[in-house]
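S.K.: Next up, protein17.json (JSON, C-alpha atoms).
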[["chain", "number", "residue", "atom", "x", "y", "z"],
["A", 161, "ARG", "CA", 0.00, 0.00, 0.00],
["A", 162, "HIS", "CA", 1.11, 3.55, -0.71],
["A", 163, "ASP", "CA", 0.12, 6.74, 1.06],
["A", 164, "PRO", "CA", -2.07, 9.01, -1.05],
["A", 165, "PRO", "CA", 0.11, 11.46, -2.98],
["A", 166, "ALA", "CA", 0.29, 15.06, -1.87],
["A", 167, "LEU", "CA", -1.11, 17.40, -4.48],
["A", 168, "PRO", "CA", 1.21, 19.89, -6.16],
["A", 169, "GLU", "CA", 0.48, 23.56, -5.67],
["A", 170, "LEU", "CA", -1.97, 24.65, -8.35],
["A", 171, "ARG", "CA", -1.96, 28.20, -9.63],
["A", 172, "ASN", "CA", -5.72, 28.30, -10.14],
["A", 173, "THR", "CA", -6.60, 28.67, -6.47],
["A", 174, "SER", "CA", -9.96, 30.38, -7.04],
["A", 175, "PHE", "CA", -11.34, 27.58, -9.18],
["A", 176, "ARG", "CA", -14.55, 25.95, -7.93],
["A", 177, "PRO", "CA", -15.34, 22.77, -9.89],
["A", 178, "THR", "CA", -18.79, 21.48, -10.62],
["A", 179, "SER", "CA", -19.48, 17.81, -10.04],
["A", 180, "PHE", "CA", -22.06, 15.11, -10.58],
["A", 181, "VAL", "CA", -22.16, 11.33, -10.56],
["A", 182, "VAL", "CA", -21.73, 9.35, -13.73],
["A", 183, "GLN", "CA", -23.82, 6.19, -13.66],
["A", 184, "LEU", "CA", -22.92, 3.19, -15.73],
["A", 185, "VAL", "CA", -25.61, 2.72, -18.38],
["A", 186, "MET", "CA", -25.72, -0.89, -19.53],
["A", 187, "THR", "CA", -27.63, -0.59, -22.87],
["A", 188, "ASN", "CA", -27.10, -3.59, -25.15],
["A", 189, "SER", "CA", -23.85, -4.67, -23.48],
["A", 190, "GLU", "CA", -25.64, -5.89, -20.36],
["A", 191, "SER", "CA", -25.66, -9.47, -21.69],
["A", 192, "ASP", "CA", -21.83, -9.45, -21.71],
["A", 193, "TYR", "CA", -21.11, -7.72, -18.38],
["A", 194, "GLU", "CA", -22.75, -7.62, -14.95],
["A", 195, "LEU", "CA", -21.67, -6.40, -11.54],
["A", 196, "LEU", "CA", -23.28, -9.13, -9.44],
["A", 197, "ASP", "CA", -22.29, -8.07, -5.92],
["A", 198, "PHE", "CA", -19.65, -6.19, -3.93],
["A", 199, "GLY", "CA", -18.57, -5.75, -0.32],
["A", 200, "ALA", "CA", -15.91, -6.73, 2.22],
["A", 201, "GLY", "CA", -13.20, -5.39, -0.08],
["A", 202, "ARG", "CA", -14.26, -7.56, -3.05],
["A", 203, "LYS", "CA", -16.40, -7.33, -6.18],
["A", 204, "LEU", "CA", -18.04, -10.10, -8.19],
["A", 205, "GLU", "CA", -18.38, -9.47, -11.94],
["A", 206, "ARG", "CA", -19.52, -11.49, -14.91],
["A", 207, "PHE", "CA", -17.61, -11.08, -18.16],
["A", 208, "GLY", "CA", -19.44, -13.29, -20.65],
["A", 209, "PRO", "CA", -19.01, -16.86, -19.31],
["A", 210, "TRP", "CA", -16.54, -15.85, -16.58],
["A", 211, "VAL", "CA", -17.68, -14.87, -13.08],
["A", 212, "LEU", "CA", -14.67, -13.28, -11.38],
["A", 213, "ASP", "CA", -14.06, -12.48, -7.71],
["A", 214, "ARG", "CA", -11.57, -9.59, -7.54],
["A", 215, "PRO", "CA", -10.38, -6.97, -5.01],
["A", 216, "ALA", "CA", -12.31, -3.74, -4.52],
["A", 217, "PRO", "CA", -10.14, -1.75, -2.07],
["A", 218, "GLY", "CA", -11.96, 0.53, 0.33],
["A", 219, "ILE", "CA", -15.33, -1.19, 0.00],
["A", 220, "ASP", "CA", -16.21, -2.23, 3.55],
["A", 221, "THR", "CA", -19.96, -2.76, 3.20],
["A", 222, "PRO", "CA", -21.26, -6.30, 3.83],
["A", 223, "LEU", "CA", -21.97, -8.63, 0.94],
["A", 224, "ARG", "CA", -25.57, -8.41, -0.24],
["A", 225, "HIS", "CA", -25.78, -11.70, -2.18],
["A", 226, "PRO", "CA", -23.47, -14.34, -0.64],
["A", 227, "GLU", "CA", -25.05, -17.03, -2.80],
["A", 228, "HIS", "CA", -23.67, -15.44, -5.98],
["A", 229, "TRP", "CA", -20.08, -15.84, -4.86],
["A", 230, "LYS", "CA", -20.34, -19.63, -4.97],
["A", 231, "THR", "CA", -20.62, -19.38, -8.76],
["A", 232, "ALA", "CA", -17.23, -17.68, -9.20],
["A", 233, "THR", "CA", -15.08, -19.07, -12.01],
["A", 234, "ALA", "CA", -11.93, -17.76, -10.32],
["A", 235, "ARG", "CA", -10.75, -15.53, -7.47],
["A", 236, "TYR", "CA", -7.82, -13.12, -7.63],
["A", 237, "SER", "CA", -5.85, -12.82, -4.40],
["A", 238, "GLY", "CA", -2.94, -10.53, -3.68],
["A", 239, "ASP", "CA", -1.90, -6.90, -3.77],
["A", 240, "ARG", "CA", -2.63, -5.48, -7.22],
["A", 241, "ALA", "CA", 0.47, -3.30, -6.96],
["A", 242, "THR", "CA", 2.60, -6.45, -6.98],
["A", 243, "GLN", "CA", 1.89, -9.89, -8.39],
["A", 244, "GLY", "CA", -1.15, -11.73, -7.10],
["A", 245, "THR", "CA", -2.54, -15.05, -8.27],
["A", 246, "TRP", "CA", -5.70, -16.41, -9.85],
["A", 247, "GLN", "CA", -7.24, -19.37, -8.06],
["A", 248, "PRO", "CA", -7.65, -21.68, -9.88],
["A", 249, "ALA", "CA", -4.81, -20.78, -12.23],
["A", 250, "ALA", "CA", -5.98, -18.95, -15.34],
["A", 251, "LYS", "CA", -4.78, -21.64, -17.73],
["A", 252, "GLY", "CA", -7.37, -23.95, -16.22],
["A", 253, "TRP", "CA", -10.40, -21.84, -17.12],
["A", 254, "GLN", "CA", -9.48, -19.57, -20.02],
["A", 255, "GLU", "CA", -9.66, -22.39, -22.55],
["A", 256, "THR", "CA", -11.19, -20.11, -25.16],
["A", 257, "SER", "CA", -10.91, -16.37, -25.62],
["A", 258, "VAL", "CA", -13.74, -14.18, -24.39],
["A", 259, "THR", "CA", -14.87, -11.19, -26.44],
["A", 260, "LEU", "CA", -16.82, -8.40, -24.75],
["A", 261, "SER", "CA", -19.16, -6.44, -27.00],
["A", 262, "VAL", "CA", -19.43, -2.74, -26.16],
["A", 263, "ARG", "CA", -22.41, -1.06, -27.80],
["A", 264, "LEU", "CA", -22.43, 2.69, -27.22],
["A", 265, "ALA", "CA", -25.20, 3.64, -29.64],
["A", 266, "GLU", "CA", -27.20, 2.01, -32.41],
["A", 267, "ASP", "CA", -24.34, 2.33, -34.90],
["A", 268, "ARG", "CA", -21.37, 2.67, -32.53],
["A", 269, "GLU", "CA", -19.93, -0.60, -31.27],
["A", 270, "PHE", "CA", -16.55, -2.20, -30.68],
["A", 271, "LYS", "CA", -15.21, -5.39, -29.13],
["A", 272, "LEU", "CA", -12.59, -6.18, -26.49],
["A", 273, "LEU", "CA", -10.68, -9.43, -26.03],
["A", 274, "LEU", "CA", -10.44, -10.38, -22.37],
["A", 275, "THR", "CA", -7.49, -12.13, -20.73],
["A", 276, "PRO", "CA", -6.86, -12.78, -17.01],
["A", 277, "LEU", "CA", -3.65, -10.83, -16.33],
["A", 278, "PRO", "CA", -1.14, -11.27, -13.47],
["A", 279, "SER", "CA", -2.24, -7.85, -12.15],
["A", 280, "GLY", "CA", -5.81, -9.09, -11.59],
["A", 281, "GLN", "CA", -7.13, -7.11, -14.55],
["A", 282, "VAL", "CA", -8.79, -8.66, -17.59],
["A", 283, "GLY", "CA", -8.31, -5.91, -20.18],
["A", 284, "VAL", "CA", -11.27, -3.60, -19.58],
["A", 285, "PHE", "CA", -12.31, -1.03, -16.98],
["A", 286, "TRP", "CA", -16.08, -1.22, -17.34],
["A", 287, "GLU", "CA", -16.67, 1.79, -15.08],
["A", 288, "GLN", "CA", -15.49, 3.89, -18.05],
["A", 289, "PHE", "CA", -18.55, 2.94, -20.12],
["A", 290, "ALA", "CA", -20.31, 6.29, -19.65],
["A", 291, "ASN", "CA", -17.11, 8.09, -20.67],
["A", 292, "TRP", "CA", -16.89, 6.01, -23.85],
["A", 293, "GLN", "CA", -20.41, 7.19, -24.66],
["A", 294, "TRP", "CA", -19.35, 10.77, -23.91],
["A", 295, "ILE", "CA", -16.34, 10.46, -26.26],
["A", 296, "VAL", "CA", -18.64, 9.29, -29.07],
["A", 297, "ARG", "CA", -20.93, 12.29, -28.50],
["A", 298, "GLN", "CA", -18.01, 14.73, -28.59],
["A", 299, "VAL", "CA", -16.53, 13.29, -31.78],
["A", 300, "ALA", "CA", -19.93, 13.03, -33.49],
["A", 301, "LYS", "CA", -20.85, 16.68, -32.90],
["A", 302, "PRO", "CA", -21.57, 18.78, -36.00],
["A", 303, "ARG", "CA", -18.37, 20.18, -37.58],
["A", 304, "ALA", "CA", -16.28, 17.75, -35.52],
["A", 305, "ALA", "CA", -15.55, 15.28, -38.34],
["A", 306, "GLY", "CA", -11.98, 14.02, -38.48],
["A", 307, "LEU", "CA", -10.93, 15.25, -35.04],
["A", 308, "ARG", "CA", -7.33, 14.42, -34.16],
["A", 309, "VAL", "CA", -7.52, 12.74, -30.75],
["A", 310, "LEU", "CA", -4.53, 11.95, -28.53],
["A", 311, "ASN", "CA", -5.16, 9.05, -26.11],
["A", 312, "LEU", "CA", -2.44, 8.80, -23.45],
["A", 313, "PHE", "CA", -2.07, 5.72, -21.23],
["A", 314, "GLY", "CA", -4.35, 4.03, -23.77],
["A", 315, "TYR", "CA", -4.18, 0.51, -22.23],
["A", 316, "THR", "CA", -6.13, -2.00, -24.37],
["A", 317, "GLY", "CA", -7.77, 0.68, -26.47],
["A", 318, "ALA", "CA", -11.39, 1.11, -25.38],
["A", 319, "SER", "CA", -11.30, 4.93, -25.47],
["A", 320, "THR", "CA", -9.33, 4.82, -28.72],
["A", 321, "LEU", "CA", -11.96, 2.59, -30.31],
["A", 322, "ALA", "CA", -14.81, 4.74, -28.98],
["A", 323, "ALA", "CA", -13.26, 7.76, -30.70],
["A", 324, "ALA", "CA", -12.48, 5.79, -33.86],
["A", 325, "VAL", "CA", -16.00, 4.38, -34.33],
["A", 326, "ALA", "CA", -17.31, 7.95, -34.16],
["A", 327, "GLY", "CA", -14.93, 9.06, -36.93],
["A", 328, "ALA", "CA", -11.87, 10.49, -35.18],
["A", 329, "GLN", "CA", -8.23, 10.12, -36.15],
["A", 330, "VAL", "CA", -6.55, 8.72, -33.03],
["A", 331, "THR", "CA", -3.00, 8.53, -31.73],
["A", 332, "HIS", "CA", -2.90, 5.76, -29.10],
["A", 333, "VAL", "CA", 0.04, 5.91, -26.68],
["A", 334, "ASP", "CA", 0.96, 3.38, -24.00],
["A", 335, "SER", "CA", 4.30, 2.41, -22.49],
["A", 336, "ALA", "CA", 3.56, -1.34, -22.53],
["A", 337, "LYS", "CA", 4.17, -3.05, -25.87],
["A", 338, "SER", "CA", 1.86, -5.91, -24.91],
["A", 339, "MET", "CA", -1.03, -3.52, -24.19],
["A", 340, "VAL", "CA", -0.59, -1.71, -27.51],
["A", 341, "ALA", "CA", -0.54, -5.08, -29.26],
["A", 342, "ARG", "CA", -3.79, -6.03, -27.53],
["A", 343, "ALA", "CA", -5.33, -2.67, -28.45],
["A", 344, "ARG", "CA", -4.48, -3.29, -32.11],
["A", 345, "GLU", "CA", -6.01, -6.74, -31.83],
["A", 346, "ASN", "CA", -9.16, -5.20, -30.37],
["A", 347, "ALA", "CA", -9.30, -2.80, -33.31],
["A", 348, "GLY", "CA", -9.02, -5.77, -35.65],
["A", 349, "ILE", "CA", -11.88, -7.76, -34.16],
["A", 350, "SER", "CA", -13.96, -4.55, -34.11],
["A", 351, "GLY", "CA", -13.58, -4.07, -37.85],
["A", 352, "LEU", "CA", -11.36, -1.02, -37.31],
["A", 353, "GLU", "CA", -8.07, -2.40, -38.63],
["A", 354, "GLU", "CA", -8.13, 0.23, -41.42],
["A", 355, "ALA", "CA", -9.24, 3.08, -39.17],
["A", 356, "PRO", "CA", -6.87, 6.09, -38.94],
["A", 357, "ILE", "CA", -5.18, 5.04, -35.68],
["A", 358, "ARG", "CA", -1.49, 5.48, -34.89],
["A", 359, "TRP", "CA", -0.17, 2.94, -32.37],
["A", 360, "ILE", "CA", 2.73, 4.27, -30.25],
["A", 361, "VAL", "CA", 4.75, 2.38, -27.60],
["A", 362, "GLU", "CA", 6.27, 5.24, -25.64],
["A", 363, "ASP", "CA", 6.44, 7.08, -22.36],
["A", 364, "ALA", "CA", 3.62, 9.65, -22.36],
["A", 365, "LEU", "CA", 5.70, 12.63, -21.23],
["A", 366, "LYS", "CA", 8.54, 11.86, -23.63],
["A", 367, "PHE", "CA", 6.14, 11.43, -26.55],
["A", 368, "CYS", "CA", 4.34, 14.70, -25.84],
["A", 369, "ARG", "CA", 7.60, 16.61, -25.54],
["A", 370, "ARG", "CA", 8.68, 15.30, -28.94],
["A", 371, "GLU", "CA", 5.33, 16.09, -30.51],
["A", 372, "ALA", "CA", 5.56, 19.65, -29.18],
["A", 373, "GLN", "CA", 9.07, 20.00, -30.63],
["A", 374, "ARG", "CA", 7.78, 18.78, -34.00],
["A", 375, "GLY", "CA", 4.94, 21.28, -33.91],
["A", 376, "ASN", "CA", 2.28, 18.57, -34.17],
["A", 377, "GLN", "CA", -1.23, 19.50, -33.05],
["A", 378, "TYR", "CA", -4.30, 17.66, -31.76],
["A", 379, "ASP", "CA", -7.94, 18.61, -31.31],
["A", 380, "ALA", "CA", -8.70, 16.58, -28.18],
["A", 381, "VAL", "CA", -6.95, 14.63, -25.43],
["A", 382, "ILE", "CA", -7.90, 11.60, -23.33],
["A", 383, "LEU", "CA", -5.79, 10.64, -20.31],
["A", 384, "ASP", "CA", -6.12, 7.78, -17.81],
["A", 385, "PRO", "CA", -2.84, 8.02, -15.88],
["A", 386, "PRO", "CA", -1.75, 5.47, -13.27],
["A", 387, "THR", "CA", -0.62, 6.44, -9.79],
["A", 388, "TYR", "CA", 2.85, 5.04, -10.48],
["A", 389, "GLY", "CA", 4.37, 3.57, -13.61],
["A", 390, "HIS", "CA", 7.38, 3.08, -15.86],
["A", 391, "GLY", "CA", 8.02, 3.82, -19.52],
["A", 392, "PRO", "CA", 9.54, 1.33, -22.00],
["A", 393, "GLN", "CA", 13.04, 2.66, -21.25],
["A", 394, "GLY", "CA", 12.54, 2.67, -17.48],
["A", 395, "GLU", "CA", 11.21, 6.23, -17.31],
["A", 396, "SER", "CA", 9.43, 6.76, -14.00],
["A", 397, "TRP", "CA", 5.96, 8.22, -13.64],
["A", 398, "THR", "CA", 4.22, 9.46, -10.52],
["A", 399, "ILE", "CA", 0.90, 11.24, -10.80],
["A", 400, "GLN", "CA", 1.72, 13.77, -8.09],
["A", 401, "ARG", "CA", 4.89, 14.93, -9.86],
["A", 402, "ASP", "CA", 4.10, 14.44, -13.54],
["A", 403, "LEU", "CA", 0.39, 15.00, -14.21],
["A", 404, "LEU", "CA", 0.44, 18.80, -14.21],
["A", 405, "PRO", "CA", 3.50, 19.07, -16.54],
["A", 406, "LEU", "CA", 1.85, 16.55, -18.87],
["A", 407, "LEU", "CA", -1.38, 18.55, -18.98],
["A", 408, "GLU", "CA", 0.62, 21.70, -19.74],
["A", 409, "LEU", "CA", 2.18, 19.87, -22.70],
["A", 410, "CYS", "CA", -1.31, 18.82, -23.80],
["A", 411, "ARG", "CA", -2.36, 22.48, -23.70],
["A", 412, "GLU", "CA", 0.52, 23.26, -26.06],
["A", 413, "LEU", "CA", -0.40, 20.35, -28.32],
["A", 414, "THR", "CA", -3.99, 21.61, -28.61],
["A", 415, "ASP", "CA", -2.94, 25.27, -28.93],
["A", 416, "GLY", "CA", -4.93, 25.94, -25.77],
["A", 417, "LYS", "CA", -8.20, 25.35, -27.66],
["A", 418, "PRO", "CA", -9.15, 21.68, -27.27],
["A", 419, "LYS", "CA", -12.48, 20.45, -28.55],
["A", 420, "PHE", "CA", -12.67, 18.14, -25.55],
["A", 421, "VAL", "CA", -10.50, 16.73, -22.75],
["A", 422, "LEU", "CA", -11.18, 13.68, -20.58],
["A", 423, "LEU", "CA", -9.07, 12.94, -17.48],
["A", 424, "THR", "CA", -9.77, 9.91, -15.28],
["A", 425, "SER", "CA", -8.02, 8.49, -12.25],
["A", 426, "HIS", "CA", -8.12, 5.58, -9.80],
["A", 427, "THR", "CA", -5.61, 7.19, -7.41],
["A", 428, "PRO", "CA", -6.50, 7.33, -3.69],
["A", 429, "GLY", "CA", -6.44, 10.91, -2.44],
["A", 430, "ILE", "CA", -7.18, 12.45, -5.84],
["A", 431, "GLY", "CA", -10.92, 12.89, -6.21],
["A", 432, "PRO", "CA", -13.20, 14.84, -8.54],
["A", 433, "ALA", "CA", -12.30, 18.28, -7.15],
["A", 434, "GLU", "CA", -8.57, 17.63, -7.40],
["A", 435, "LEU", "CA", -8.86, 16.28, -10.95],
["A", 436, "SER", "CA", -10.87, 19.34, -11.95],
["A", 437, "ALA", "CA", -8.21, 21.63, -10.51],
["A", 438, "TYR", "CA", -5.47, 19.73, -12.35],
["A", 439, "LEU", "CA", -7.37, 19.88, -15.62],
["A", 440, "SER", "CA", -8.40, 23.52, -15.33],
["A", 441, "ASP", "CA", -4.92, 24.69, -14.31],
["A", 442, "GLY", "CA", -2.96, 22.50, -16.71],
["A", 443, "MET", "CA", -5.11, 22.84, -19.84],
["A", 444, "PHE", "CA", -6.56, 26.33, -19.52],
["A", 445, "GLY", "CA", -4.48, 28.15, -16.91],
["A", 446, "HIS", "CA", -7.41, 30.19, -15.66],
["A", 447, "CYS", "CA", -10.88, 29.87, -14.18],
["A", 448, "GLY", "CA", -12.93, 30.71, -17.24],
["A", 449, "GLN", "CA", -13.63, 27.18, -18.46],
["A", 450, "PRO", "CA", -14.49, 24.96, -15.48],
["A", 451, "PRO", "CA", -14.50, 21.23, -16.18],
["A", 452, "GLU", "CA", -17.25, 18.90, -15.13],
["A", 453, "SER", "CA", -16.20, 16.34, -12.53],
["A", 454, "GLY", "CA", -17.60, 13.39, -10.63],
["A", 455, "ARG", "CA", -17.28, 9.75, -9.70],
["A", 456, "LEU", "CA", -17.07, 6.75, -11.98],
["A", 457, "VAL", "CA", -19.88, 4.54, -10.73],
["A", 458, "SER", "CA", -20.62, 0.94, -11.69],
["A", 459, "LEU", "CA", -24.24, -0.06, -11.24],
["A", 460, "ALA", "CA", -24.84, -3.50, -9.70],
["A", 461, "THR", "CA", -27.68, -5.73, -10.81],
["A", 462, "ASP", "CA", -29.57, -4.86, -7.60],
["A", 463, "GLY", "CA", -29.22, -1.12, -8.25],
["A", 464, "ARG", "CA", -26.42, -0.35, -5.79],
["A", 465, "ARG", "CA", -23.58, 1.91, -6.89],
["A", 466, "LEU", "CA", -19.91, 0.98, -6.66],
["A", 467, "VAL", "CA", -17.53, 3.94, -6.92],
["A", 468, "SER", "CA", -14.59, 2.81, -9.02],
["A", 469, "GLY", "CA", -12.71, 6.01, -9.86],
["A", 470, "ASP", "CA", -13.06, 9.70, -10.65],
["A", 471, "PHE", "CA", -13.18, 11.90, -13.71],
["A", 472, "ALA", "CA", -12.90, 15.47, -14.91],
["A", 473, "ARG", "CA", -13.87, 16.43, -18.44],
["A", 474, "TRP", "CA", -14.37, 19.46, -20.59],
["A", 475, "PRO", "CA", -16.64, 20.80, -22.02],
["A", 476, "GLY", "CA", -18.97, 20.63, -19.07],
["A", 477, "ARG", "CA", -22.54, 19.48, -18.65],
["A", 478, "GLU", "CA", -24.22, 18.84, -22.00]]
Would you mind writing the file's structure down as structure tokens?

M.R.:
Amino acid sequence: RHDPPALPELRNTSFRPTSFVVQLVMTNSESDYELLDFGAGRKLERFGPWVLDRPAPGIDTPLRHPEHWKTATARYSGDRATQGTWQPAAKGWQETSVTLSVRLAEDREFKLLLTPLPSGQVGVFWEQFANWQWIVRQVAKPRAAGLRVLNLFGYTGASTLAAAVAGAQVTHVDSAKSMVARARENAGISGLEEAPIRWIVEDALKFCRREAQRGNQYDAVILDPPTYGHGPQGESWTIQRDLLPLLELCRELTDGKPKFVLLTSHTPGIGPAELSAYLSDGMFGHCGQPPESGRLVSLATDGRRLVSGDFARWPGRE
């Protein structure tokens, strides 16, 4: 466990963010994913045929449906920051690949291949579903055709694919070669292998510095930074030290006039208000364009809400 990072001093001290709660809207993907129960530091989710018992740090409410947990395909035990284990071992139950369909609108859909990873992840953060819908709406706005979108810390590509299915040109950046390879695979099974997507294995800060030196420009930025991380050449990342300089680079790369910006986080100690302050100060440098902020909330089958992260995004409430 790590102590929550101290926030850097932000210049925009008079900023007062707005906030509201994003609820996960299941739409047509509900047959592929369900949050069955959560409590006692755990969550039980169904991904297609897999029912997985995984950690949910900070959730100390009692279990509501103990009977559901007996159906678990596998349980992940261990600290996610290190190397935990799947019980039973993943090779015993992932005999065939599982594809998760993500339908964001009638004509906007992509697919994600799921794999049980040593970190306890499976290749998708479903609490981002409402943000994927928001990305589609931003890209599909009138006079927004062909937006150049920069997706930093792109992971397995869900936000990239959401932007691509809506018609954007996307630059997908992640420091892990294996994650970029999986993102490209996801694009392939989604019918987006010919979409205008650049796939970059690189440290986010280093890439943005080079893009700024080249004079390259983007219309929008998506960021989902980790608390701690390393680039492909061992570059270190900490959100407390590096997020604000990265956002300032993103301001330069969008000429201070982005069409939209989405910033999400799963870092303890950095909530909606802090993310809004980061985004406002780093991207705009003044108080005139307050972002919208709130919690990423997964909706369980019994209607309860599980807070799974935080977001700040601009423009604000639609």

S.K.: Near range 211-220 of chain A, within 7 Å and counting all atoms listed in the file, which residues show up once chain neighbours fewer than 6 positions away are dropped, as a PyMOL selection string?

M.R.: chain A and resi 199-205+231-236

S.K.: Deliver the residues from the most recent selection as a file, using C-alpha atoms, as a tab-separated table (two decimals), keeping the file's coordinate frame.

M.R.:
chain	number	residue	atom	x	y	z
A	199	GLY	CA	-18.57	-5.75	-0.32
A	200	ALA	CA	-15.91	-6.73	2.22
A	201	GLY	CA	-13.20	-5.39	-0.08
A	202	ARG	CA	-14.26	-7.56	-3.05
A	203	LYS	CA	-16.40	-7.33	-6.18
A	204	LEU	CA	-18.04	-10.10	-8.19
A	205	GLU	CA	-18.38	-9.47	-11.94
A	231	THR	CA	-20.62	-19.38	-8.76
A	232	ALA	CA	-17.23	-17.68	-9.20
A	233	THR	CA	-15.08	-19.07	-12.01
A	234	ALA	CA	-11.93	-17.76	-10.32
A	235	ARG	CA	-10.75	-15.53	-7.47
A	236	TYR	CA	-7.82	-13.12	-7.63

S.K.: For Trp474 in chain A, which residue out of A:Glu353, A:Glu452, A:Glu412, A:Asp462 is the nearest one, using all atoms listed in the file?

M.R.: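 Comparing A:Glu353, A:Glu452, A:Glu412, A:Asp462 against Trp474 in chain A, the winner is A:Glu452.
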
S.K.: With all atoms listed in the file as the basis for distance, which of A:Phe444, A:Phe270, A:Phe285, A:Trp246 is at the shortest distance from Gly351 in chain A?

M.R.: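 Closest residue, counting all atoms listed in the file: A:Phe270.
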
S.K.: Do you know which residues are at most 7 Å from range 380-387 of chain A counting only C-alpha atoms, after dropping those on the same chain fewer than 2 positions away, and could you put them as a list of chain:residue names?

M.R.: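 Close residues of range 380-387 of chain A: A:Arg308, A:Val309, A:Leu310, A:Asn311, A:Leu312, A:Phe313, A:Tyr378, A:Gly389, A:Thr398, A:Ile399, A:Thr414, A:Pro418, A:Lys419, A:Phe420, A:Val421, A:Leu422, A:Leu423, A:Thr424, A:Ser425, A:Thr427.
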
S.K.: Since we have the selection now, will you write its residues out, keeping C-alpha atoms, as a short mmCIF file (atom, residue, chain, number, x, y, z; two decimals), keeping the file's coordinate frame?

M.R.:
data_model
loop_
_atom_site.label_atom_id
_atom_site.label_comp_id
_atom_site.auth_asym_id
_atom_site.auth_seq_id
_atom_site.Cartn_x
_atom_site.Cartn_y
_atom_site.Cartn_z
CA ARG A 308 -7.33 14.42 -34.16
CA VAL A 309 -7.52 12.74 -30.75
CA LEU A 310 -4.53 11.95 -28.53
CA ASN A 311 -5.16 9.05 -26.11
CA LEU A 312 -2.44 8.80 -23.45
CA PHE A 313 -2.07 5.72 -21.23
CA TYR A 378 -4.30 17.66 -31.76
CA GLY A 389 4.37 3.57 -13.61
CA THR A 398 4.22 9.46 -10.52
CA ILE A 399 0.90 11.24 -10.80
CA THR A 414 -3.99 21.61 -28.61
CA PRO A 418 -9.15 21.68 -27.27
CA LYS A 419 -12.48 20.45 -28.55
CA PHE A 420 -12.67 18.14 -25.55
CA VAL A 421 -10.50 16.73 -22.75
CA LEU A 422 -11.18 13.68 -20.58
CA LEU A 423 -9.07 12.94 -17.48
CA THR A 424 -9.77 9.91 -15.28
CA SER A 425 -8.02 8.49 -12.25
CA THR A 427 -5.61 7.19 -7.41
#

S.K.: Take CA of Ser396 in chain A and CA of Thr275 in chain A and report the distance between them in Å, one decimal.

M.R.: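 So the answer is 26.2 Å.
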
S.K.: Taking all atoms listed in the file into account, name the residue in A:Glu408, A:Asp192, A:Glu362, A:Asp415 that is nearest to Leu439 in chain A.

M.R.: A:Glu408

S.K.: In Å to one decimal, how far is CA of Leu409 in chain A from CA of Asp363 in chain A?

M.R.: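 Distance between the two atoms: 13.5 Å.
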
S.K.: Would you list the contacts of Thr320 in chain A as a PyMOL selection string, taking every protein, DNA or RNA residue within 8 Å and counting all atoms listed in the file, but skipping same-chain residues closer than 3 positions in sequence?

M.R.: chain A and resi 311+314+317+323-324+330-332

S.K.: Report the distance between CA of Arg370 in chain A and CA of Leu307 in chain A in Å, rounded to one decimal place.

M.R.: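 Interatomic distance, CA of Arg370 in chain A to CA of Leu307 in chain A: 20.5 Å.
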
S.K.: Have a look at A:Leu223, A:Ala364, A:Leu277, A:Ala372 and name the one nearest to Asp402 in chain A; count all atoms listed in the file.

M.R.: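 Ranking A:Leu223, A:Ala364, A:Leu277, A:Ala372 by distance to Asp402 in chain A, first place goes to A:Ala364.
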
S.K.: Have a look at A:Leu195, A:Val333, A:Leu403, A:Leu274 and name the one nearest to Trp359 in chain A; count only C-alpha atoms.

M.R.: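 Distance minimum relative to Trp359 in chain A lands on A:Val333.
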
S.K.: From the options A:Gly429, A:Gly306, A:Gly375, A:Gly394, which residue's atoms come nearest to Leu413 in chain A, counting all atoms listed in the file?

M.R.: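 The shortest atom-to-atom distance to Leu413 in chain A comes from A:Gly375.
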
S.K.: Report as a count of residues only all protein, DNA and RNA residues lying within 10 Å of Leu260 in chain A, evaluated on only C-alpha atoms, omitting residues in the same chain fewer than 6 positions from it.

M.R.: 13

S.K.: Would you pull range 259-284 of chain A out of the block just shown and save C-alpha atoms as a compact mmCIF listing (two decimals), in the first residue's frame?

M.R.:
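What ended up in decode-v7.txt:
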# COMPACT_ATOMS: atom_id res chain seq x y z
CA THR A 259 -14.87 -11.19 -26.44
CA LEU A 260 -16.82 -8.40 -24.75
CA SER A 261 -19.16 -6.44 -27.00
CA VAL A 262 -19.43 -2.74 -26.16
CA ARG A 263 -22.41 -1.06 -27.80
CA LEU A 264 -22.43 2.69 -27.22
CA ALA A 265 -25.20 3.64 -29.64
CA GLU A 266 -27.20 2.01 -32.41
CA ASP A 267 -24.34 2.33 -34.90
CA ARG A 268 -21.37 2.67 -32.53
CA GLU A 269 -19.93 -0.60 -31.27
CA PHE A 270 -16.55 -2.20 -30.68
CA LYS A 271 -15.21 -5.39 -29.13
CA LEU A 272 -12.59 -6.18 -26.49
CA LEU A 273 -10.68 -9.43 -26.03
CA LEU A 274 -10.44 -10.38 -22.37
CA THR A 275 -7.49 -12.13 -20.73
CA PRO A 276 -6.86 -12.78 -17.01
CA LEU A 277 -3.65 -10.83 -16.33
CA PRO A 278 -1.14 -11.27 -13.47
CA SER A 279 -2.24 -7.85 -12.15
CA GLY A 280 -5.81 -9.09 -11.59
CA GLN A 281 -7.13 -7.11 -14.55
CA VAL A 282 -8.79 -8.66 -17.59
CA GLY A 283 -8.31 -5.91 -20.18
CA VAL A 284 -11.27 -3.60 -19.58
